[in-house]
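Chemist: Sharing target-v4.csv below, CSV, N, CA and C atoms:
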```
chain,number,residue,atom,x,y,z
A,1,MET,N,-99.7,13.7,-24.4
A,1,MET,CA,-100.0,13.2,-25.7
A,1,MET,C,-98.8,13.2,-26.6
A,2,SER,N,-98.4,12.1,-27.1
A,2,SER,CA,-97.2,12.0,-28.0
A,2,SER,C,-97.6,12.5,-29.4
A,3,LEU,N,-96.6,13.2,-30.0
A,3,LEU,CA,-96.8,13.7,-31.3
A,3,LEU,C,-96.3,12.7,-32.3
A,4,TRP,N,-95.6,11.6,-31.9
A,4,TRP,CA,-95.0,10.6,-32.7
A,4,TRP,C,-96.0,9.5,-32.9
A,5,LYS,N,-96.0,8.9,-34.0
A,5,LYS,CA,-96.7,7.6,-34.3
A,5,LYS,C,-95.8,6.5,-33.7
A,6,THR,N,-96.4,5.6,-32.9
A,6,THR,CA,-95.7,4.5,-32.4
A,6,THR,C,-96.2,3.2,-32.9
A,7,VAL,N,-95.3,2.4,-33.4
A,7,VAL,CA,-95.7,1.0,-33.8
A,7,VAL,C,-95.1,0.0,-32.8
A,8,THR,N,-95.9,-0.8,-32.3
A,8,THR,CA,-95.4,-1.8,-31.3
A,8,THR,C,-95.3,-3.2,-31.9
A,9,LEU,N,-94.2,-3.8,-31.6
A,9,LEU,CA,-93.9,-5.2,-32.1
A,9,LEU,C,-93.4,-6.0,-30.9
A,10,ASP,N,-94.2,-7.0,-30.5
A,10,ASP,CA,-93.9,-7.9,-29.5
A,10,ASP,C,-93.3,-9.2,-30.1
A,11,VAL,N,-92.0,-9.4,-30.0
A,11,VAL,CA,-91.3,-10.5,-30.7
A,11,VAL,C,-91.4,-11.8,-29.8
A,12,ARG,N,-91.9,-11.7,-28.6
A,12,ARG,CA,-92.0,-12.9,-27.8
A,12,ARG,C,-92.7,-14.1,-28.4
A,13,PRO,N,-93.9,-13.9,-29.0
A,13,PRO,CA,-94.6,-15.0,-29.6
A,13,PRO,C,-93.8,-15.6,-30.8
A,14,ILE,N,-93.1,-14.7,-31.6
A,14,ILE,CA,-92.3,-15.2,-32.7
A,14,ILE,C,-91.2,-16.1,-32.2
A,15,LEU,N,-90.5,-15.6,-31.2
A,15,LEU,CA,-89.4,-16.4,-30.6
A,15,LEU,C,-90.0,-17.7,-30.0
A,16,ALA,N,-91.1,-17.7,-29.4
A,16,ALA,CA,-91.7,-18.9,-28.8
A,16,ALA,C,-92.1,-19.9,-29.8
A,17,ASN,N,-92.3,-19.5,-31.0
A,17,ASN,CA,-92.6,-20.4,-32.2
A,17,ASN,C,-91.3,-20.9,-32.8
A,18,GLY,N,-90.1,-20.5,-32.2
A,18,GLY,CA,-88.9,-21.0,-32.8
A,18,GLY,C,-88.4,-20.3,-34.0
A,19,GLU,N,-89.0,-19.1,-34.3
A,19,GLU,CA,-88.7,-18.3,-35.5
A,19,GLU,C,-87.8,-17.2,-35.1
A,20,ASP,N,-87.0,-16.7,-36.1
A,20,ASP,CA,-86.2,-15.6,-36.0
A,20,ASP,C,-87.0,-14.3,-36.4
A,21,PRO,N,-87.1,-13.4,-35.5
A,21,PRO,CA,-87.9,-12.2,-35.7
A,21,PRO,C,-87.2,-11.1,-36.5
A,22,PHE,N,-86.0,-11.3,-36.9
A,22,PHE,CA,-85.2,-10.2,-37.6
A,22,PHE,C,-85.9,-9.6,-38.8
A,23,ASN,N,-86.4,-10.5,-39.7
A,23,ASN,CA,-87.0,-10.0,-40.9
A,23,ASN,C,-88.2,-9.1,-40.6
A,24,THR,N,-89.0,-9.6,-39.7
A,24,THR,CA,-90.2,-8.8,-39.3
A,24,THR,C,-89.8,-7.5,-38.7
A,25,ILE,N,-88.8,-7.5,-37.8
A,25,ILE,CA,-88.3,-6.2,-37.2
A,25,ILE,C,-87.8,-5.3,-38.3
A,26,ARG,N,-87.0,-5.8,-39.2
A,26,ARG,CA,-86.4,-5.0,-40.3
A,26,ARG,C,-87.5,-4.4,-41.2
A,27,GLU,N,-88.6,-5.2,-41.5
A,27,GLU,CA,-89.7,-4.6,-42.3
A,27,GLU,C,-90.3,-3.4,-41.5
A,28,ARG,N,-90.5,-3.6,-40.2
A,28,ARG,CA,-91.2,-2.5,-39.4
A,28,ARG,C,-90.3,-1.3,-39.4
A,29,VAL,N,-89.0,-1.5,-39.1
A,29,VAL,CA,-88.0,-0.4,-39.1
A,29,VAL,C,-87.9,0.3,-40.4
A,30,ASP,N,-87.9,-0.4,-41.5
A,30,ASP,CA,-87.7,0.2,-42.8
A,30,ASP,C,-89.0,1.0,-43.2
A,31,ALA,N,-90.1,0.7,-42.6
A,31,ALA,CA,-91.4,1.4,-42.9
A,31,ALA,C,-91.5,2.7,-42.1
A,32,LEU,N,-90.7,2.8,-41.1
A,32,LEU,CA,-90.8,4.0,-40.2
A,32,LEU,C,-90.5,5.3,-41.0
A,33,LYS,N,-91.3,6.3,-40.7
A,33,LYS,CA,-91.0,7.7,-41.3
A,33,LYS,C,-90.3,8.5,-40.3
A,34,ALA,N,-89.8,9.7,-40.7
A,34,ALA,CA,-89.2,10.6,-39.7
A,34,ALA,C,-90.1,10.9,-38.5
A,35,GLY,N,-89.5,10.8,-37.3
A,35,GLY,CA,-90.3,11.0,-36.1
A,35,GLY,C,-91.1,9.9,-35.6
A,36,GLU,N,-91.2,8.8,-36.4
A,36,GLU,CA,-92.0,7.6,-35.9
A,36,GLU,C,-91.1,6.7,-35.0
A,37,VAL,N,-91.8,5.9,-34.2
A,37,VAL,CA,-91.1,5.1,-33.2
A,37,VAL,C,-91.6,3.7,-33.3
A,38,LEU,N,-90.6,2.7,-33.3
A,38,LEU,CA,-90.9,1.3,-33.2
A,38,LEU,C,-90.6,0.9,-31.8
A,39,THR,N,-91.6,0.4,-31.1
A,39,THR,CA,-91.5,-0.1,-29.7
A,39,THR,C,-91.4,-1.6,-29.8
A,40,LEU,N,-90.2,-2.1,-29.5
A,40,LEU,CA,-90.0,-3.6,-29.5
A,40,LEU,C,-90.0,-4.2,-28.1
A,41,ILE,N,-90.8,-5.2,-28.0
A,41,ILE,CA,-90.9,-5.9,-26.7
A,41,ILE,C,-90.2,-7.3,-26.9
A,42,ALA,N,-89.2,-7.6,-26.0
A,42,ALA,CA,-88.4,-8.8,-26.2
A,42,ALA,C,-88.1,-9.4,-24.8
A,43,PRO,N,-87.9,-10.7,-24.8
A,43,PRO,CA,-87.6,-11.4,-23.5
A,43,PRO,C,-86.1,-11.2,-23.1
A,44,PHE,N,-85.3,-10.6,-24.0
A,44,PHE,CA,-83.9,-10.4,-23.7
A,44,PHE,C,-83.5,-9.1,-24.3
A,45,LEU,N,-82.3,-8.5,-23.9
A,45,LEU,CA,-81.8,-7.3,-24.5
A,45,LEU,C,-81.3,-7.6,-25.9
A,46,PRO,N,-81.8,-7.0,-26.9
A,46,PRO,CA,-81.3,-7.3,-28.3
A,46,PRO,C,-80.2,-6.4,-28.6
A,47,ALA,N,-79.0,-6.6,-27.9
A,47,ALA,CA,-77.9,-5.7,-28.1
A,47,ALA,C,-77.4,-5.6,-29.5
A,48,PRO,N,-77.2,-6.7,-30.3
A,48,PRO,CA,-76.8,-6.6,-31.7
A,48,PRO,C,-77.7,-5.7,-32.5
A,49,LEU,N,-79.0,-5.8,-32.3
A,49,LEU,CA,-80.0,-5.0,-33.1
A,49,LEU,C,-79.9,-3.6,-32.7
A,50,ILE,N,-79.7,-3.3,-31.4
A,50,ILE,CA,-79.5,-1.9,-30.9
A,50,ILE,C,-78.3,-1.3,-31.6
A,51,GLU,N,-77.2,-2.0,-31.6
A,51,GLU,CA,-76.0,-1.4,-32.2
A,51,GLU,C,-76.1,-1.2,-33.7
A,52,LEU,N,-76.8,-2.2,-34.4
A,52,LEU,CA,-77.0,-2.1,-35.8
A,52,LEU,C,-77.8,-0.8,-36.1
A,53,LEU,N,-78.9,-0.6,-35.4
A,53,LEU,CA,-79.8,0.5,-35.7
A,53,LEU,C,-79.2,1.8,-35.2
A,54,LYS,N,-78.5,1.8,-34.2
A,54,LYS,CA,-77.8,3.1,-33.8
A,54,LYS,C,-76.8,3.5,-34.9
A,55,GLY,N,-76.1,2.5,-35.5
A,55,GLY,CA,-75.2,2.7,-36.6
A,55,GLY,C,-75.9,3.3,-37.8
A,56,GLU,N,-77.2,3.0,-37.9
A,56,GLU,CA,-78.0,3.5,-39.1
A,56,GLU,C,-78.7,4.9,-38.7
A,57,GLY,N,-78.4,5.4,-37.5
A,57,GLY,CA,-78.8,6.7,-37.2
A,57,GLY,C,-80.1,6.8,-36.4
A,58,PHE,N,-80.6,5.6,-35.9
A,58,PHE,CA,-81.8,5.6,-35.1
A,58,PHE,C,-81.5,6.0,-33.6
A,59,GLY,N,-82.4,6.8,-33.0
A,59,GLY,CA,-82.3,7.0,-31.6
A,59,GLY,C,-82.9,5.8,-30.9
A,60,VAL,N,-82.3,5.5,-29.8
A,60,VAL,CA,-82.7,4.3,-29.0
A,60,VAL,C,-82.9,4.6,-27.6
A,61,ARG,N,-84.0,4.1,-27.0
A,61,ARG,CA,-84.2,4.2,-25.6
A,61,ARG,C,-84.6,2.8,-25.1
A,62,VAL,N,-83.9,2.3,-24.0
A,62,VAL,CA,-84.1,1.0,-23.5
A,62,VAL,C,-84.7,1.0,-22.1
A,63,GLU,N,-85.6,0.1,-21.8
A,63,GLU,CA,-86.2,0.0,-20.5
A,63,GLU,C,-86.4,-1.4,-20.1
A,64,ARG,N,-86.0,-1.8,-18.9
A,64,ARG,CA,-86.2,-3.1,-18.4
A,64,ARG,C,-87.6,-3.2,-17.8
A,65,ARG,N,-88.3,-4.3,-18.1
A,65,ARG,CA,-89.6,-4.5,-17.6
A,65,ARG,C,-89.5,-5.2,-16.3
A,66,SER,N,-90.6,-5.1,-15.5
A,66,SER,CA,-90.6,-5.8,-14.2
A,66,SER,C,-90.7,-7.3,-14.3
A,67,ASP,N,-91.1,-7.8,-15.5
A,67,ASP,CA,-91.1,-9.3,-15.7
A,67,ASP,C,-89.8,-9.8,-16.2
A,68,GLY,N,-88.8,-9.0,-16.3
A,68,GLY,CA,-87.5,-9.4,-16.8
A,68,GLY,C,-87.3,-9.2,-18.3
A,69,GLY,N,-88.3,-8.8,-19.0
A,69,GLY,CA,-88.2,-8.5,-20.4
A,69,GLY,C,-87.7,-7.1,-20.7
A,70,TRP,N,-87.7,-6.8,-21.9
A,70,TRP,CA,-87.1,-5.5,-22.3
A,70,TRP,C,-88.1,-4.8,-23.3
A,71,VAL,N,-88.1,-3.4,-23.2
A,71,VAL,CA,-88.8,-2.6,-24.1
A,71,VAL,C,-87.7,-1.7,-24.8
A,72,VAL,N,-87.6,-1.7,-26.1
A,72,VAL,CA,-86.7,-0.9,-26.7
A,72,VAL,C,-87.4,-0.1,-27.8
A,73,ASN,N,-87.2,1.3,-27.7
A,73,ASN,CA,-87.8,2.2,-28.6
A,73,ASN,C,-86.8,2.7,-29.6
A,74,PHE,N,-87.1,2.5,-30.9
A,74,PHE,CA,-86.2,2.9,-32.0
A,74,PHE,C,-86.9,4.1,-32.7
A,75,GLN,N,-86.3,5.2,-32.7
A,75,GLN,CA,-86.9,6.4,-33.4
A,75,GLN,C,-86.1,6.8,-34.6
A,76,ARG,N,-86.8,7.0,-35.7
A,76,ARG,CA,-86.2,7.5,-36.9
A,76,ARG,C,-86.1,9.0,-36.8
A,77,ASP,N,-84.9,9.6,-36.9
A,77,ASP,CA,-84.8,11.0,-36.8
A,77,ASP,C,-85.1,11.7,-38.1
```
Hey, can you dump this file as structure tokens for me?
Modeler:
Amino acid sequence: MSLWKTVTLDVRPILANGEDPFNTIRERVDALKAGEVLTLIAPFLPAPLIELLKGEGFGVRVERRSDGGWVVNFQRD
């Protein structure tokens, strides 16, 4: 059992609609409290976002999905 609250955001539908998910991601990230995790599901590795949030002090864990997509966990320390 995880002690952290996890918020999941699947950006694939947002991207499929031709929209940029950055503002939605930013809102979710900014709402995280210490110890909380945002689990992002994306069709590609969001390398610029990973670097941005690492620079802001977030812990990052990346996992490749069997369908070719990516799961990226951002944790606020």
Chemist: Considering only C-alpha atoms, can you say which of A:Gly59, A:Leu40, A:Val11, A:Lys54 comes closest to Arg76 (chain A)?
Modeler: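 Smallest distance to Arg76 (chain A) is found for A:Gly59.
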Chemist: Based on DSSP run over this structure's backbone, return all residues of chain A in strand (DSSP E or B), as a list in words.
Modeler: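 In chain A, DSSP puts these residues in strand (DSSP E or B): Thr6, Val7, Thr8, Leu9, Asp10, Val37, Leu38, Thr39, Leu40, Ile41, Ala42, Gly59, Val60, Arg61, Val62, Glu63, Arg64, Trp70, Val71, Val72, Asn73, Phe74 and Gln75 of chain A.
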Chemist: DSSP on the backbone: which residues in chain A end up as helix (DSSP H, G or I)? Give the answer as a PDB file with N, CA and C atoms, keeping the file's coordinate frame.
Modeler:
```pdb
ATOM      1  N   ARG A  12     -91.900 -11.700 -28.600  1.00  0.00           N
ATOM      2  CA  ARG A  12     -92.000 -12.900 -27.800  1.00  0.00           C
ATOM      3  C   ARG A  12     -92.700 -14.100 -28.400  1.00  0.00           C
ATOM      4  N   PRO A  13     -93.900 -13.900 -29.000  1.00  0.00           N
ATOM      5  CA  PRO A  13     -94.600 -15.000 -29.600  1.00  0.00           C
ATOM      6  C   PRO A  13     -93.800 -15.600 -30.800  1.00  0.00           C
ATOM      7  N   ILE A  14     -93.100 -14.700 -31.600  1.00  0.00           N
ATOM      8  CA  ILE A  14     -92.300 -15.200 -32.700  1.00  0.00           C
ATOM      9  C   ILE A  14     -91.200 -16.100 -32.200  1.00  0.00           C
ATOM     10  N   LEU A  15     -90.500 -15.600 -31.200  1.00  0.00           N
ATOM     11  CA  LEU A  15     -89.400 -16.400 -30.600  1.00  0.00           C
ATOM     12  C   LEU A  15     -90.000 -17.700 -30.000  1.00  0.00           C
ATOM     13  N   ALA A  16     -91.100 -17.700 -29.400  1.00  0.00           N
ATOM     14  CA  ALA A  16     -91.700 -18.900 -28.800  1.00  0.00           C
ATOM     15  C   ALA A  16     -92.100 -19.900 -29.800  1.00  0.00           C
ATOM     16  N   PHE A  22     -86.000 -11.300 -36.900  1.00  0.00           N
ATOM     17  CA  PHE A  22     -85.200 -10.200 -37.600  1.00  0.00           C
ATOM     18  C   PHE A  22     -85.900  -9.600 -38.800  1.00  0.00           C
ATOM     19  N   ASN A  23     -86.400 -10.500 -39.700  1.00  0.00           N
ATOM     20  CA  ASN A  23     -87.000 -10.000 -40.900  1.00  0.00           C
ATOM     21  C   ASN A  23     -88.200  -9.100 -40.600  1.00  0.00           C
ATOM     22  N   THR A  24     -89.000  -9.600 -39.700  1.00  0.00           N
ATOM     23  CA  THR A  24     -90.200  -8.800 -39.300  1.00  0.00           C
ATOM     24  C   THR A  24     -89.800  -7.500 -38.700  1.00  0.00           C
ATOM     25  N   ILE A  25     -88.800  -7.500 -37.800  1.00  0.00           N
ATOM     26  CA  ILE A  25     -88.300  -6.200 -37.200  1.00  0.00           C
ATOM     27  C   ILE A  25     -87.800  -5.300 -38.300  1.00  0.00           C
ATOM     28  N   ARG A  26     -87.000  -5.800 -39.200  1.00  0.00           N
ATOM     29  CA  ARG A  26     -86.400  -5.000 -40.300  1.00  0.00           C
ATOM     30  C   ARG A  26     -87.500  -4.400 -41.200  1.00  0.00           C
ATOM     31  N   GLU A  27     -88.600  -5.200 -41.500  1.00  0.00           N
ATOM     32  CA  GLU A  27     -89.700  -4.600 -42.300  1.00  0.00           C
ATOM     33  C   GLU A  27     -90.300  -3.400 -41.500  1.00  0.00           C
ATOM     34  N   ARG A  28     -90.500  -3.600 -40.200  1.00  0.00           N
ATOM     35  CA  ARG A  28     -91.200  -2.500 -39.400  1.00  0.00           C
ATOM     36  C   ARG A  28     -90.300  -1.300 -39.400  1.00  0.00           C
ATOM     37  N   VAL A  29     -89.000  -1.500 -39.100  1.00  0.00           N
ATOM     38  CA  VAL A  29     -88.000  -0.400 -39.100  1.00  0.00           C
ATOM     39  C   VAL A  29     -87.900   0.300 -40.400  1.00  0.00           C
ATOM     40  N   ASP A  30     -87.900  -0.400 -41.500  1.00  0.00           N
ATOM     41  CA  ASP A  30     -87.700   0.200 -42.800  1.00  0.00           C
ATOM     42  C   ASP A  30     -89.000   1.000 -43.200  1.00  0.00           C
ATOM     43  N   ALA A  31     -90.100   0.700 -42.600  1.00  0.00           N
ATOM     44  CA  ALA A  31     -91.400   1.400 -42.900  1.00  0.00           C
ATOM     45  C   ALA A  31     -91.500   2.700 -42.100  1.00  0.00           C
ATOM     46  N   ALA A  47     -79.000  -6.600 -27.900  1.00  0.00           N
ATOM     47  CA  ALA A  47     -77.900  -5.700 -28.100  1.00  0.00           C
ATOM     48  C   ALA A  47     -77.400  -5.600 -29.500  1.00  0.00           C
ATOM     49  N   PRO A  48     -77.200  -6.700 -30.300  1.00  0.00           N
ATOM     50  CA  PRO A  48     -76.800  -6.600 -31.700  1.00  0.00           C
ATOM     51  C   PRO A  48     -77.700  -5.700 -32.500  1.00  0.00           C
ATOM     52  N   LEU A  49     -79.000  -5.800 -32.300  1.00  0.00           N
ATOM     53  CA  LEU A  49     -80.000  -5.000 -33.100  1.00  0.00           C
ATOM     54  C   LEU A  49     -79.900  -3.600 -32.700  1.00  0.00           C
ATOM     55  N   ILE A  50     -79.700  -3.300 -31.400  1.00  0.00           N
ATOM     56  CA  ILE A  50     -79.500  -1.900 -30.900  1.00  0.00           C
ATOM     57  C   ILE A  50     -78.300  -1.300 -31.600  1.00  0.00           C
ATOM     58  N   GLU A  51     -77.200  -2.000 -31.600  1.00  0.00           N
ATOM     59  CA  GLU A  51     -76.000  -1.400 -32.200  1.00  0.00           C
ATOM     60  C   GLU A  51     -76.100  -1.200 -33.700  1.00  0.00           C
ATOM     61  N   LEU A  52     -76.800  -2.200 -34.400  1.00  0.00           N
ATOM     62  CA  LEU A  52     -77.000  -2.100 -35.800  1.00  0.00           C
ATOM     63  C   LEU A  52     -77.800  -0.800 -36.100  1.00  0.00           C
ATOM     64  N   LEU A  53     -78.900  -0.600 -35.400  1.00  0.00           N
ATOM     65  CA  LEU A  53     -79.800   0.500 -35.700  1.00  0.00           C
ATOM     66  C   LEU A  53     -79.200   1.800 -35.200  1.00  0.00           C
ATOM     67  N   LYS A  54     -78.500   1.800 -34.200  1.00  0.00           N
ATOM     68  CA  LYS A  54     -77.800   3.100 -33.800  1.00  0.00           C
ATOM     69  C   LYS A  54     -76.800   3.500 -34.900  1.00  0.00           C
ATOM     70  N   GLY A  55     -76.100   2.500 -35.500  1.00  0.00           N
ATOM     71  CA  GLY A  55     -75.200   2.700 -36.600  1.00  0.00           C
ATOM     72  C   GLY A  55     -75.900   3.300 -37.800  1.00  0.00           C
TER      73      GLY A  55
END
```
Chemist: Between CA of Trp70 (chain A) and CA of Ala42 (chain A), what is the spacing in Å?
Modeler: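 Separation between CA of Ala42 (chain A) and CA of Trp70 (chain A): 5.3 Å.
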Chemist: Would you work out the distance separating CA of Pro21 (chain A) from CA of Asn73 (chain A), expressed in Å to one decimal?
Modeler: 16.1 Å
Chemist: Which protein, DNA or RNA residues have an atom at most 5 Å from (-96.6, 3.4, -36.6), counting only N, CA and C atoms? List them as a PyMOL selection string.
Modeler: chain A and resi 5-7
Chemist: For the residues selected in the previous step, produce a file with N, CA and C atoms as a PDB file, in the frame of the given file.
Modeler:
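To be explicit, this is the file written out as out.pdb:
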```
ATOM      1  N   LYS A   5     -96.000   8.900 -34.000  1.00  0.00           N
ATOM      2  CA  LYS A   5     -96.700   7.600 -34.300  1.00  0.00           C
ATOM      3  C   LYS A   5     -95.800   6.500 -33.700  1.00  0.00           C
ATOM      4  N   THR A   6     -96.400   5.600 -32.900  1.00  0.00           N
ATOM      5  CA  THR A   6     -95.700   4.500 -32.400  1.00  0.00           C
ATOM      6  C   THR A   6     -96.200   3.200 -32.900  1.00  0.00           C
ATOM      7  N   VAL A   7     -95.300   2.400 -33.400  1.00  0.00           N
ATOM      8  CA  VAL A   7     -95.700   1.000 -33.800  1.00  0.00           C
ATOM      9  C   VAL A   7     -95.100   0.000 -32.800  1.00  0.00           C
TER      10      VAL A   7
END
```
Chemist: Separation of atom C of Thr39 (chain A) and CA of Arg26 (chain A), in Å?
Modeler: 12.1 Å
Chemist: As a compact mmCIF listing (two decimals) with N, CA and C atoms, keeping the file's coordinate frame, please: the residues near region 45-49 of chain A (cut-off 8 Å, all atoms listed in the file, same-chain neighbours under 6 positions excluded).
Modeler:
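Just written: out_14.txt:
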```txt
# COMPACT_ATOMS: atom_id res chain seq x y z
N GLY A 55 -76.10 2.50 -35.50
CA GLY A 55 -75.20 2.70 -36.60
C GLY A 55 -75.90 3.30 -37.80
N GLY A 68 -88.80 -9.00 -16.30
CA GLY A 68 -87.50 -9.40 -16.80
C GLY A 68 -87.30 -9.20 -18.30
N GLY A 69 -88.30 -8.80 -19.00
CA GLY A 69 -88.20 -8.50 -20.40
C GLY A 69 -87.70 -7.10 -20.70
N TRP A 70 -87.70 -6.80 -21.90
CA TRP A 70 -87.10 -5.50 -22.30
C TRP A 70 -88.10 -4.80 -23.30
N VAL A 71 -88.10 -3.40 -23.20
CA VAL A 71 -88.80 -2.60 -24.10
C VAL A 71 -87.70 -1.70 -24.80
N VAL A 72 -87.60 -1.70 -26.10
CA VAL A 72 -86.70 -0.90 -26.70
C VAL A 72 -87.40 -0.10 -27.80
```
